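Trainee: See run_39.tsv below, with TSV, N, CA, C and O atoms.
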chain	number	residue	atom	x	y	z
A	1	MET	N	-14.41	-25.05	-10.39
A	1	MET	CA	-15.36	-23.95	-10.34
A	1	MET	C	-14.61	-22.64	-10.60
A	1	MET	O	-13.54	-22.42	-10.08
A	2	SER	N	-15.17	-21.81	-11.41
A	2	SER	CA	-14.54	-20.53	-11.72
A	2	SER	C	-14.95	-19.47	-10.69
A	2	SER	O	-15.93	-19.64	-9.97
A	3	ALA	N	-14.19	-18.40	-10.67
A	3	ALA	CA	-14.47	-17.31	-9.74
A	3	ALA	C	-15.83	-16.68	-10.06
A	3	ALA	O	-16.23	-16.60	-11.22
A	4	ARG	N	-16.51	-16.26	-9.02
A	4	ARG	CA	-17.84	-15.67	-9.20
A	4	ARG	C	-17.79	-14.34	-9.93
A	4	ARG	O	-18.62	-14.05	-10.78
A	5	PHE	N	-16.83	-13.52	-9.58
A	5	PHE	CA	-16.76	-12.17	-10.15
A	5	PHE	C	-15.53	-12.03	-11.03
A	5	PHE	O	-14.47	-12.60	-10.75
A	6	GLU	N	-15.67	-11.22	-12.05
A	6	GLU	CA	-14.53	-10.83	-12.86
A	6	GLU	C	-14.30	-9.34	-12.59
A	6	GLU	O	-15.22	-8.54	-12.72
A	7	TYR	N	-13.10	-9.00	-12.19
A	7	TYR	CA	-12.80	-7.63	-11.78
A	7	TYR	C	-12.02	-6.88	-12.85
A	7	TYR	O	-11.17	-7.45	-13.53
A	8	GLU	N	-12.30	-5.61	-12.96
A	8	GLU	CA	-11.46	-4.72	-13.75
A	8	GLU	C	-10.28	-4.37	-12.85
A	8	GLU	O	-10.46	-3.92	-11.72
A	9	ARG	N	-9.11	-4.57	-13.34
A	9	ARG	CA	-7.91	-4.34	-12.53
A	9	ARG	C	-7.33	-2.96	-12.79
A	9	ARG	O	-7.41	-2.44	-13.91
A	10	ILE	N	-6.75	-2.39	-11.78
A	10	ILE	CA	-6.07	-1.11	-11.92
A	10	ILE	C	-4.82	-1.32	-12.76
A	10	ILE	O	-4.15	-2.35	-12.64
A	11	THR	N	-4.52	-0.37	-13.61
A	11	THR	CA	-3.29	-0.45	-14.41
A	11	THR	C	-2.12	0.07	-13.59
A	11	THR	O	-2.30	0.80	-12.60
A	12	GLY	N	-0.93	-0.27	-14.02
A	12	GLY	CA	0.27	0.24	-13.36
A	12	GLY	C	0.35	1.75	-13.42
A	12	GLY	O	0.74	2.41	-12.45
A	13	GLU	N	-0.06	2.31	-14.55
A	13	GLU	CA	-0.05	3.77	-14.71
A	13	GLU	C	-1.02	4.43	-13.74
A	13	GLU	O	-0.70	5.45	-13.11
A	14	GLU	N	-2.22	3.85	-13.61
A	14	GLU	CA	-3.20	4.40	-12.66
A	14	GLU	C	-2.71	4.28	-11.23
A	14	GLU	O	-2.85	5.21	-10.43
A	15	LEU	N	-2.12	3.14	-10.91
A	15	LEU	CA	-1.60	2.92	-9.56
A	15	LEU	C	-0.52	3.95	-9.23
A	15	LEU	O	-0.56	4.58	-8.17
A	16	ALA	N	0.42	4.13	-10.14
A	16	ALA	CA	1.48	5.11	-9.92
A	16	ALA	C	0.91	6.52	-9.76
A	16	ALA	O	1.34	7.28	-8.89
A	17	ALA	N	-0.07	6.87	-10.59
A	17	ALA	CA	-0.67	8.21	-10.51
A	17	ALA	C	-1.40	8.43	-9.19
A	17	ALA	O	-1.31	9.50	-8.59
A	18	LEU	N	-2.12	7.42	-8.73
A	18	LEU	CA	-2.85	7.56	-7.47
A	18	LEU	C	-1.89	7.61	-6.28
A	18	LEU	O	-2.12	8.38	-5.33
A	19	LEU	N	-0.82	6.84	-6.32
A	19	LEU	CA	0.17	6.93	-5.24
A	19	LEU	C	0.80	8.32	-5.22
A	19	LEU	O	1.01	8.90	-4.15
A	20	ALA	N	1.08	8.87	-6.39
A	20	ALA	CA	1.63	10.23	-6.46
A	20	ALA	C	0.62	11.24	-5.94
A	20	ALA	O	0.98	12.20	-5.24
A	21	ALA	N	-0.66	11.04	-6.24
A	21	ALA	CA	-1.70	11.97	-5.80
A	21	ALA	C	-1.82	12.01	-4.28
A	21	ALA	O	-2.12	13.07	-3.71
A	22	ILE	N	-1.58	10.88	-3.62
A	22	ILE	CA	-1.65	10.88	-2.15
A	22	ILE	C	-0.27	11.10	-1.52
A	22	ILE	O	-0.11	11.03	-0.32
A	23	GLU	N	0.72	11.35	-2.39
A	23	GLU	CA	2.09	11.66	-1.97
A	23	GLU	C	2.72	10.52	-1.19
A	23	GLU	O	3.39	10.73	-0.17
A	24	TRP	N	2.51	9.31	-1.69
A	24	TRP	CA	3.14	8.12	-1.10
A	24	TRP	C	4.13	7.54	-2.09
A	24	TRP	O	3.85	7.42	-3.28
A	25	GLN	N	5.28	7.15	-1.57
A	25	GLN	CA	6.21	6.35	-2.34
A	25	GLN	C	5.66	4.92	-2.43
A	25	GLN	O	4.94	4.49	-1.52
A	26	PRO	N	5.98	4.19	-3.47
A	26	PRO	CA	5.53	2.79	-3.53
A	26	PRO	C	5.91	1.98	-2.29
A	26	PRO	O	5.14	1.16	-1.82
A	27	LYS	N	7.10	2.25	-1.73
A	27	LYS	CA	7.52	1.48	-0.55
A	27	LYS	C	6.60	1.77	0.65
A	27	LYS	O	6.44	0.91	1.52
A	28	THR	N	6.02	2.94	0.70
A	28	THR	CA	5.07	3.25	1.78
A	28	THR	C	3.84	2.38	1.65
A	28	THR	O	3.40	1.76	2.63
A	29	PHE	N	3.28	2.30	0.44
A	29	PHE	CA	2.12	1.45	0.21
A	29	PHE	C	2.47	0.00	0.53
A	29	PHE	O	1.70	-0.71	1.19
A	30	ALA	N	3.63	-0.45	0.08
A	30	ALA	CA	4.06	-1.83	0.32
A	30	ALA	C	4.14	-2.14	1.80
A	30	ALA	O	3.65	-3.18	2.27
A	31	ARG	N	4.73	-1.23	2.57
A	31	ARG	CA	4.87	-1.47	4.01
A	31	ARG	C	3.52	-1.50	4.70
A	31	ARG	O	3.22	-2.39	5.49
A	32	ILE	N	2.68	-0.55	4.39
A	32	ILE	CA	1.40	-0.44	5.07
A	32	ILE	C	0.49	-1.62	4.76
A	32	ILE	O	-0.21	-2.11	5.64
A	33	PHE	N	0.54	-2.12	3.52
A	33	PHE	CA	-0.38	-3.18	3.14
A	33	PHE	C	0.27	-4.56	3.05
A	33	PHE	O	-0.34	-5.51	2.59
A	34	GLY	N	1.51	-4.66	3.54
A	34	GLY	CA	2.15	-5.97	3.64
A	34	GLY	C	2.48	-6.60	2.30
A	34	GLY	O	2.43	-7.82	2.15
A	35	VAL	N	2.83	-5.77	1.34
A	35	VAL	CA	3.18	-6.24	0.00
A	35	VAL	C	4.68	-6.13	-0.17
A	35	VAL	O	5.28	-5.14	0.25
A	36	ARG	N	5.29	-7.12	-0.79
A	36	ARG	CA	6.72	-7.01	-1.07
A	36	ARG	C	6.96	-5.89	-2.07
A	36	ARG	O	6.25	-5.79	-3.07
A	37	PRO	N	7.94	-5.02	-1.83
A	37	PRO	CA	8.20	-3.90	-2.73
A	37	PRO	C	8.45	-4.33	-4.18
A	37	PRO	O	8.01	-3.65	-5.11
A	38	ASP	N	9.12	-5.44	-4.38
A	38	ASP	CA	9.38	-5.89	-5.75
A	38	ASP	C	8.09	-6.29	-6.45
A	38	ASP	O	7.94	-6.11	-7.66
A	39	ARG	N	7.13	-6.82	-5.71
A	39	ARG	CA	5.83	-7.18	-6.29
A	39	ARG	C	5.10	-5.90	-6.71
A	39	ARG	O	4.53	-5.82	-7.79
A	40	LEU	N	5.11	-4.89	-5.85
A	40	LEU	CA	4.46	-3.63	-6.18
A	40	LEU	C	5.10	-3.00	-7.42
A	40	LEU	O	4.40	-2.47	-8.29
A	41	THR	N	6.41	-3.07	-7.52
A	41	THR	CA	7.11	-2.57	-8.71
A	41	THR	C	6.62	-3.27	-9.97
A	41	THR	O	6.41	-2.64	-11.00
A	42	LYS	N	6.40	-4.57	-9.88
A	42	LYS	CA	5.89	-5.32	-11.04
A	42	LYS	C	4.48	-4.86	-11.42
A	42	LYS	O	4.15	-4.80	-12.60
A	43	TRP	N	3.67	-4.54	-10.43
A	43	TRP	CA	2.32	-4.04	-10.72
A	43	TRP	C	2.42	-2.69	-11.44
A	43	TRP	O	1.72	-2.45	-12.43
A	44	ILE	N	3.27	-1.81	-10.93
A	44	ILE	CA	3.40	-0.48	-11.52
A	44	ILE	C	3.95	-0.56	-12.94
A	44	ILE	O	3.52	0.17	-13.83
A	45	ARG	N	4.88	-1.45	-13.17
A	45	ARG	CA	5.47	-1.60	-14.51
A	45	ARG	C	4.56	-2.36	-15.47
A	45	ARG	O	4.87	-2.46	-16.66
A	46	GLY	N	3.49	-2.94	-14.96
A	46	GLY	CA	2.59	-3.71	-15.81
A	46	GLY	C	3.09	-5.12	-16.08
A	46	GLY	O	2.59	-5.80	-16.97
A	47	GLU	N	4.07	-5.57	-15.31
A	47	GLU	CA	4.62	-6.91	-15.49
A	47	GLU	C	3.72	-7.98	-14.87
A	47	GLU	O	3.80	-9.15	-15.24
A	48	GLU	N	2.91	-7.58	-13.90
A	48	GLU	CA	1.94	-8.46	-13.25
A	48	GLU	C	0.67	-7.65	-13.01
A	48	GLU	O	0.74	-6.44	-12.79
A	49	ASP	N	-0.46	-8.35	-13.01
A	49	ASP	CA	-1.71	-7.69	-12.62
A	49	ASP	C	-1.75	-7.52	-11.12
A	49	ASP	O	-1.42	-8.45	-10.38
A	50	ALA	N	-2.17	-6.35	-10.69
A	50	ALA	CA	-2.39	-6.13	-9.25
A	50	ALA	C	-3.68	-6.85	-8.85
A	50	ALA	O	-4.62	-6.93	-9.64
A	51	PRO	N	-3.74	-7.36	-7.63
A	51	PRO	CA	-4.98	-7.98	-7.17
A	51	PRO	C	-6.11	-6.95	-7.17
A	51	PRO	O	-5.87	-5.74	-7.05
A	52	PRO	N	-7.36	-7.39	-7.27
A	52	PRO	CA	-8.49	-6.46	-7.31
A	52	PRO	C	-8.54	-5.48	-6.13
A	52	PRO	O	-8.93	-4.34	-6.30
A	53	TRP	N	-8.11	-5.91	-4.96
A	53	TRP	CA	-8.21	-5.05	-3.78
A	53	TRP	C	-7.33	-3.81	-3.88
A	53	TRP	O	-7.62	-2.78	-3.28
A	54	VAL	N	-6.26	-3.88	-4.66
A	54	VAL	CA	-5.33	-2.76	-4.76
A	54	VAL	C	-6.01	-1.53	-5.34
A	54	VAL	O	-5.88	-0.42	-4.82
A	55	GLY	N	-6.77	-1.71	-6.41
A	55	GLY	CA	-7.49	-0.59	-7.00
A	55	GLY	C	-8.49	0.01	-6.05
A	55	GLY	O	-8.63	1.24	-5.96
A	56	VAL	N	-9.19	-0.84	-5.33
A	56	VAL	CA	-10.18	-0.36	-4.35
A	56	VAL	C	-9.48	0.46	-3.28
A	56	VAL	O	-9.90	1.58	-2.94
A	57	VAL	N	-8.38	-0.05	-2.75
A	57	VAL	CA	-7.68	0.61	-1.65
A	57	VAL	C	-7.10	1.95	-2.07
A	57	VAL	O	-7.29	2.95	-1.37
A	58	VAL	N	-6.39	2.00	-3.19
A	58	VAL	CA	-5.77	3.28	-3.55
A	58	VAL	C	-6.81	4.33	-3.93
A	58	VAL	O	-6.62	5.51	-3.64
A	59	ARG	N	-7.92	3.89	-4.51
A	59	ARG	CA	-8.99	4.86	-4.81
A	59	ARG	C	-9.64	5.36	-3.52
A	59	ARG	O	-10.00	6.53	-3.41
A	60	MET	N	-9.79	4.48	-2.56
A	60	MET	CA	-10.34	4.89	-1.27
A	60	MET	C	-9.39	5.86	-0.56
A	60	MET	O	-9.81	6.86	0.01
A	61	LEU	N	-8.10	5.57	-0.61
A	61	LEU	CA	-7.12	6.47	0.00
A	61	LEU	C	-7.16	7.85	-0.65
A	61	LEU	O	-7.08	8.87	0.03
A	62	ALA	N	-7.31	7.88	-1.97
A	62	ALA	CA	-7.32	9.16	-2.70
A	62	ALA	C	-8.65	9.90	-2.58
A	62	ALA	O	-8.71	11.09	-2.89
A	63	ALA	N	-9.67	9.23	-2.09
A	63	ALA	CA	-11.01	9.84	-2.04
A	63	ALA	C	-11.13	10.96	-1.01
A	63	ALA	O	-11.98	11.85	-1.16
A	64	HIS	N	-10.29	10.95	0.00
A	64	HIS	CA	-10.39	11.98	1.04
A	64	HIS	C	-9.01	12.21	1.64
A	64	HIS	O	-8.29	11.25	1.93
A	65	PRO	N	-8.62	13.46	1.86
A	65	PRO	CA	-7.28	13.75	2.37
A	65	PRO	C	-6.99	13.14	3.74
A	65	PRO	O	-5.83	12.96	4.10
A	66	ALA	N	-8.01	12.81	4.52
A	66	ALA	CA	-7.78	12.22	5.84
A	66	ALA	C	-7.43	10.73	5.75
A	66	ALA	O	-6.91	10.16	6.71
A	67	ASN	N	-7.71	10.12	4.62
A	67	ASN	CA	-7.54	8.66	4.52
A	67	ASN	C	-6.09	8.19	4.54
A	67	ASN	O	-5.78	7.23	5.25
A	68	PRO	N	-5.16	8.82	3.79
A	68	PRO	CA	-3.78	8.35	3.84
A	68	PRO	C	-3.15	8.42	5.25
A	68	PRO	O	-2.56	7.43	5.70
A	69	PRO	N	-3.31	9.52	5.99
A	69	PRO	CA	-2.75	9.53	7.35
A	69	PRO	C	-3.42	8.50	8.27
A	69	PRO	O	-2.75	7.89	9.11
A	70	LEU	N	-4.70	8.30	8.10
A	70	LEU	CA	-5.40	7.29	8.89
A	70	LEU	C	-4.84	5.91	8.60
A	70	LEU	O	-4.58	5.13	9.52
A	71	ALA	N	-4.63	5.59	7.34
A	71	ALA	CA	-4.06	4.28	6.97
A	71	ALA	C	-2.68	4.11	7.58
A	71	ALA	O	-2.34	3.03	8.08
A	72	ARG	N	-1.88	5.16	7.57
A	72	ARG	CA	-0.54	5.10	8.19
A	72	ARG	C	-0.63	4.78	9.68
A	72	ARG	O	0.11	3.94	10.19
A	73	ARG	N	-1.53	5.49	10.37
A	73	ARG	CA	-1.66	5.26	11.82
A	73	ARG	C	-2.15	3.85	12.13
A	73	ARG	O	-1.64	3.19	13.03
A	74	LEU	N	-3.13	3.39	11.39
A	74	LEU	CA	-3.67	2.05	11.63
A	74	LEU	C	-2.62	0.98	11.34
A	74	LEU	O	-2.51	-0.01	12.07
A	75	ALA	N	-1.85	1.17	10.28
A	75	ALA	CA	-0.79	0.21	9.97
A	75	ALA	C	0.29	0.23	11.04
A	75	ALA	O	0.79	-0.82	11.45
A	76	ALA	N	0.64	1.43	11.52
A	76	ALA	CA	1.65	1.53	12.57
A	76	ALA	C	1.21	0.77	13.82
A	76	ALA	O	2.02	0.11	14.48
A	77	ASP	N	-0.07	0.82	14.13
A	77	ASP	CA	-0.58	0.09	15.28
A	77	ASP	C	-0.51	-1.42	15.07
A	77	ASP	O	-0.41	-2.19	16.02
A	78	ALA	N	-0.57	-1.86	13.82
A	78	ALA	CA	-0.59	-3.30	13.52
A	78	ALA	C	0.80	-3.90	13.35
A	78	ALA	O	0.97	-5.11	13.50
A	79	ILE	N	1.80	-3.08	13.03
A	79	ILE	CA	3.15	-3.60	12.81
A	79	ILE	C	3.80	-3.89	14.16
A	79	ILE	O	3.88	-3.01	15.02
A	80	ARG	N	4.25	-5.11	14.35
A	80	ARG	CA	4.89	-5.48	15.60
A	80	ARG	C	6.40	-5.27	15.56
A	80	ARG	O	6.99	-4.85	16.55
A	81	THR	N	7.03	-5.59	14.43
A	81	THR	CA	8.48	-5.53	14.33
A	81	THR	C	8.90	-5.14	12.92
A	81	THR	O	8.29	-5.60	11.96
A	82	ASP	N	9.92	-4.32	12.83
A	82	ASP	CA	10.56	-4.03	11.56
A	82	ASP	C	11.87	-4.80	11.57
A	82	ASP	O	12.81	-4.44	12.28
A	83	ARG	N	11.93	-5.87	10.80
A	83	ARG	CA	13.13	-6.72	10.82
A	83	ARG	C	14.36	-6.01	10.27
A	83	ARG	O	15.48	-6.38	10.59
A	84	ASN	N	14.14	-4.98	9.44
A	84	ASN	CA	15.26	-4.21	8.91
A	84	ASN	C	15.77	-3.16	9.89
A	84	ASN	O	16.89	-2.70	9.77
A	85	ARG	N	14.90	-2.75	10.80
A	85	ARG	CA	15.27	-1.74	11.79
A	85	ARG	C	14.71	-2.15	13.16
A	85	ARG	O	13.79	-1.53	13.68
A	86	PRO	N	15.26	-3.20	13.75
A	86	PRO	CA	14.70	-3.72	15.02
A	86	PRO	C	14.81	-2.74	16.19
A	86	PRO	O	14.12	-2.92	17.19
A	87	GLU	N	15.63	-1.70	16.04
A	87	GLU	CA	15.76	-0.72	17.13
A	87	GLU	C	14.53	0.16	17.29
A	87	GLU	O	14.35	0.82	18.30
A	88	ILE	N	13.67	0.17	16.26
A	88	ILE	CA	12.47	0.99	16.33
A	88	ILE	C	11.40	0.26	17.13
A	88	ILE	O	11.08	-0.89	16.85
A	89	GLU	N	10.88	0.94	18.12
A	89	GLU	CA	9.81	0.36	18.92
A	89	GLU	C	8.47	0.69	18.28
A	89	GLU	O	8.20	1.83	17.94
A	90	PHE	N	7.63	-0.30	18.13
A	90	PHE	CA	6.31	-0.10	17.53
A	90	PHE	C	5.28	-0.07	18.64
A	90	PHE	O	5.51	-0.62	19.71
A	91	PRO	N	4.12	0.57	18.45
A	91	PRO	CA	3.67	1.17	17.20
A	91	PRO	C	4.50	2.38	16.83
A	91	PRO	O	4.87	3.20	17.65
A	92	TYR	N	4.79	2.45	15.55
A	92	TYR	CA	5.66	3.46	14.96
A	92	TYR	C	4.79	4.48	14.26
A	92	TYR	O	4.16	4.16	13.27
A	93	ARG	N	4.71	5.66	14.78
A	93	ARG	CA	3.83	6.68	14.20
A	93	ARG	C	4.66	7.85	13.72
A	93	ARG	O	4.89	8.81	14.44
A	94	ARG	N	5.05	7.78	12.47
A	94	ARG	CA	5.78	8.87	11.86
A	94	ARG	C	4.88	9.47	10.81
A	94	ARG	O	4.43	8.79	9.90
A	95	GLU	N	4.58	10.72	10.92
A	95	GLU	CA	3.63	11.37	10.04
A	95	GLU	C	4.24	11.81	8.71
A	95	GLU	O	3.54	12.06	7.76
A	96	SER	N	5.57	11.87	8.63
A	96	SER	CA	6.18	12.36	7.40
A	96	SER	C	6.08	11.31	6.30
A	96	SER	O	5.99	10.12	6.57
A	97	THR	N	6.13	11.75	5.06
A	97	THR	CA	6.11	10.85	3.91
A	97	THR	C	7.46	10.19	3.79
A	97	THR	O	8.49	10.84	3.91
A	98	GLU	N	7.45	8.88	3.54
A	98	GLU	CA	8.72	8.16	3.38
A	98	GLU	C	9.01	7.91	1.93
A	98	GLU	O	8.19	7.83	1.12
I need this file expressed as structure tokens, please.

Mentor:
Amino acid sequence: MSARFEYERITGEELAALLAAIEWQPKTFARIFGVRPDRLTKWIRGEEDAPPWVGVVVRMLAAHPANPPLARRLAADAIRTDRNRPEIEFPYRRESTE
């Protein structure tokens, strides 16, 4: 059985532009949404198609200035451990851009 819907996918150029518009580094998006940074790099370079949800999410984040900080706070509440920096106690709420 084939998929019910066919989605228009965000391009790497659009993804990069929207991340810049909300002043997020790709690694910030990757951390918040649980995506491996190398996978996100492939989406931005056009080496792989981004899943349909990525376009929806970045457009929603860019739709209102309150959305990016809200996403950061909600993700911080959901992250239990940073395996690269185990000394950080979560929830980790840093408002600065990484």

Trainee: Grab the CA of Leu15 (chain A) to CA of Leu61 (chain A) distance for me, in Å with one decimal place.

Mentor: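 Atom-to-atom, CA of Leu15 (chain A) and CA of Leu61 (chain A) are spaced 11.6 Å apart.
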
Trainee: State, in Å with one decimal place, the distance from atom O of Val58 (chain A) to atom C of Asp82 (chain A).

Mentor: 26.1 Å

Trainee: May I ask for the distance between atom C of Pro69 (chain A) and atom N of Ala50 (chain A), given in Å to one decimal place?

Mentor: 24.1 Å

Trainee: Using only C-alpha atoms, can you tell me which of A:Glu13, A:Arg85, A:Ile44, A:Gly55 comes closest to Lys27 (chain A)?

Mentor: A:Ile44

Trainee: Can you pull out every residue within 8 Å of Arg9 (chain A), counting all atoms listed in the file, but drop anything in the same chain fewer than 2 positions away, and send it as a ChimeraX atom specification?

Mentor: /A:6-7,11-12,49-56

Trainee: At a cut-off of 10 Å, using only C-alpha atoms, what residues contact Arg31 (chain A)? Leave out same-chain residues fewer than 3 positions from it and give the result as a list in words.

Mentor: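 Final neighbour list, sorted by chain and number: Pro26, Lys27, Thr28, Gly34, Val35, Arg36, Pro37, Arg72, Ala75, Ala76, Ile79 and Asp82 of chain A.
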
Trainee: Kindly list the centre and edge lengths in Å, rounded to one decimal, for the axis-aligned box that covers all listed atoms of region 10-28 of chain A plus 5 Å on each of its six sides, as JSON.

Mentor:
{"center_x": 0.4, "center_y": 5.3, "center_z": -6.0, "size_x": 24.3, "size_y": 25.5, "size_z": 27.3}

Trainee: Please give the complete set of residues from region 60-94 of chain A that DSSP, run on the backbone, assigns to helix (DSSP H, G or I), formatted as a list in words.

Mentor: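 Going through region 60-94 of chain A, the helix (DSSP H, G or I) residues come out as Met60, Leu61, Ala62, Ala63, Asn67, Pro68, Pro69, Leu70, Ala71, Arg72, Arg73, Leu74, Ala75, Ala76, Asp77 and Ala78 of chain A.
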
Trainee: Write out as a list in words each polymer residue whose atoms come within 7 Å of region 22-24 of chain A, counting only N, CA, C and O atoms; drop sequence neighbours fewer than 4 positions from it.

Mentor: Ala16, Ala17, Leu18, Thr28, Phe29, Leu61, Ala62, Pro68, Thr97 and Glu98 of chain A
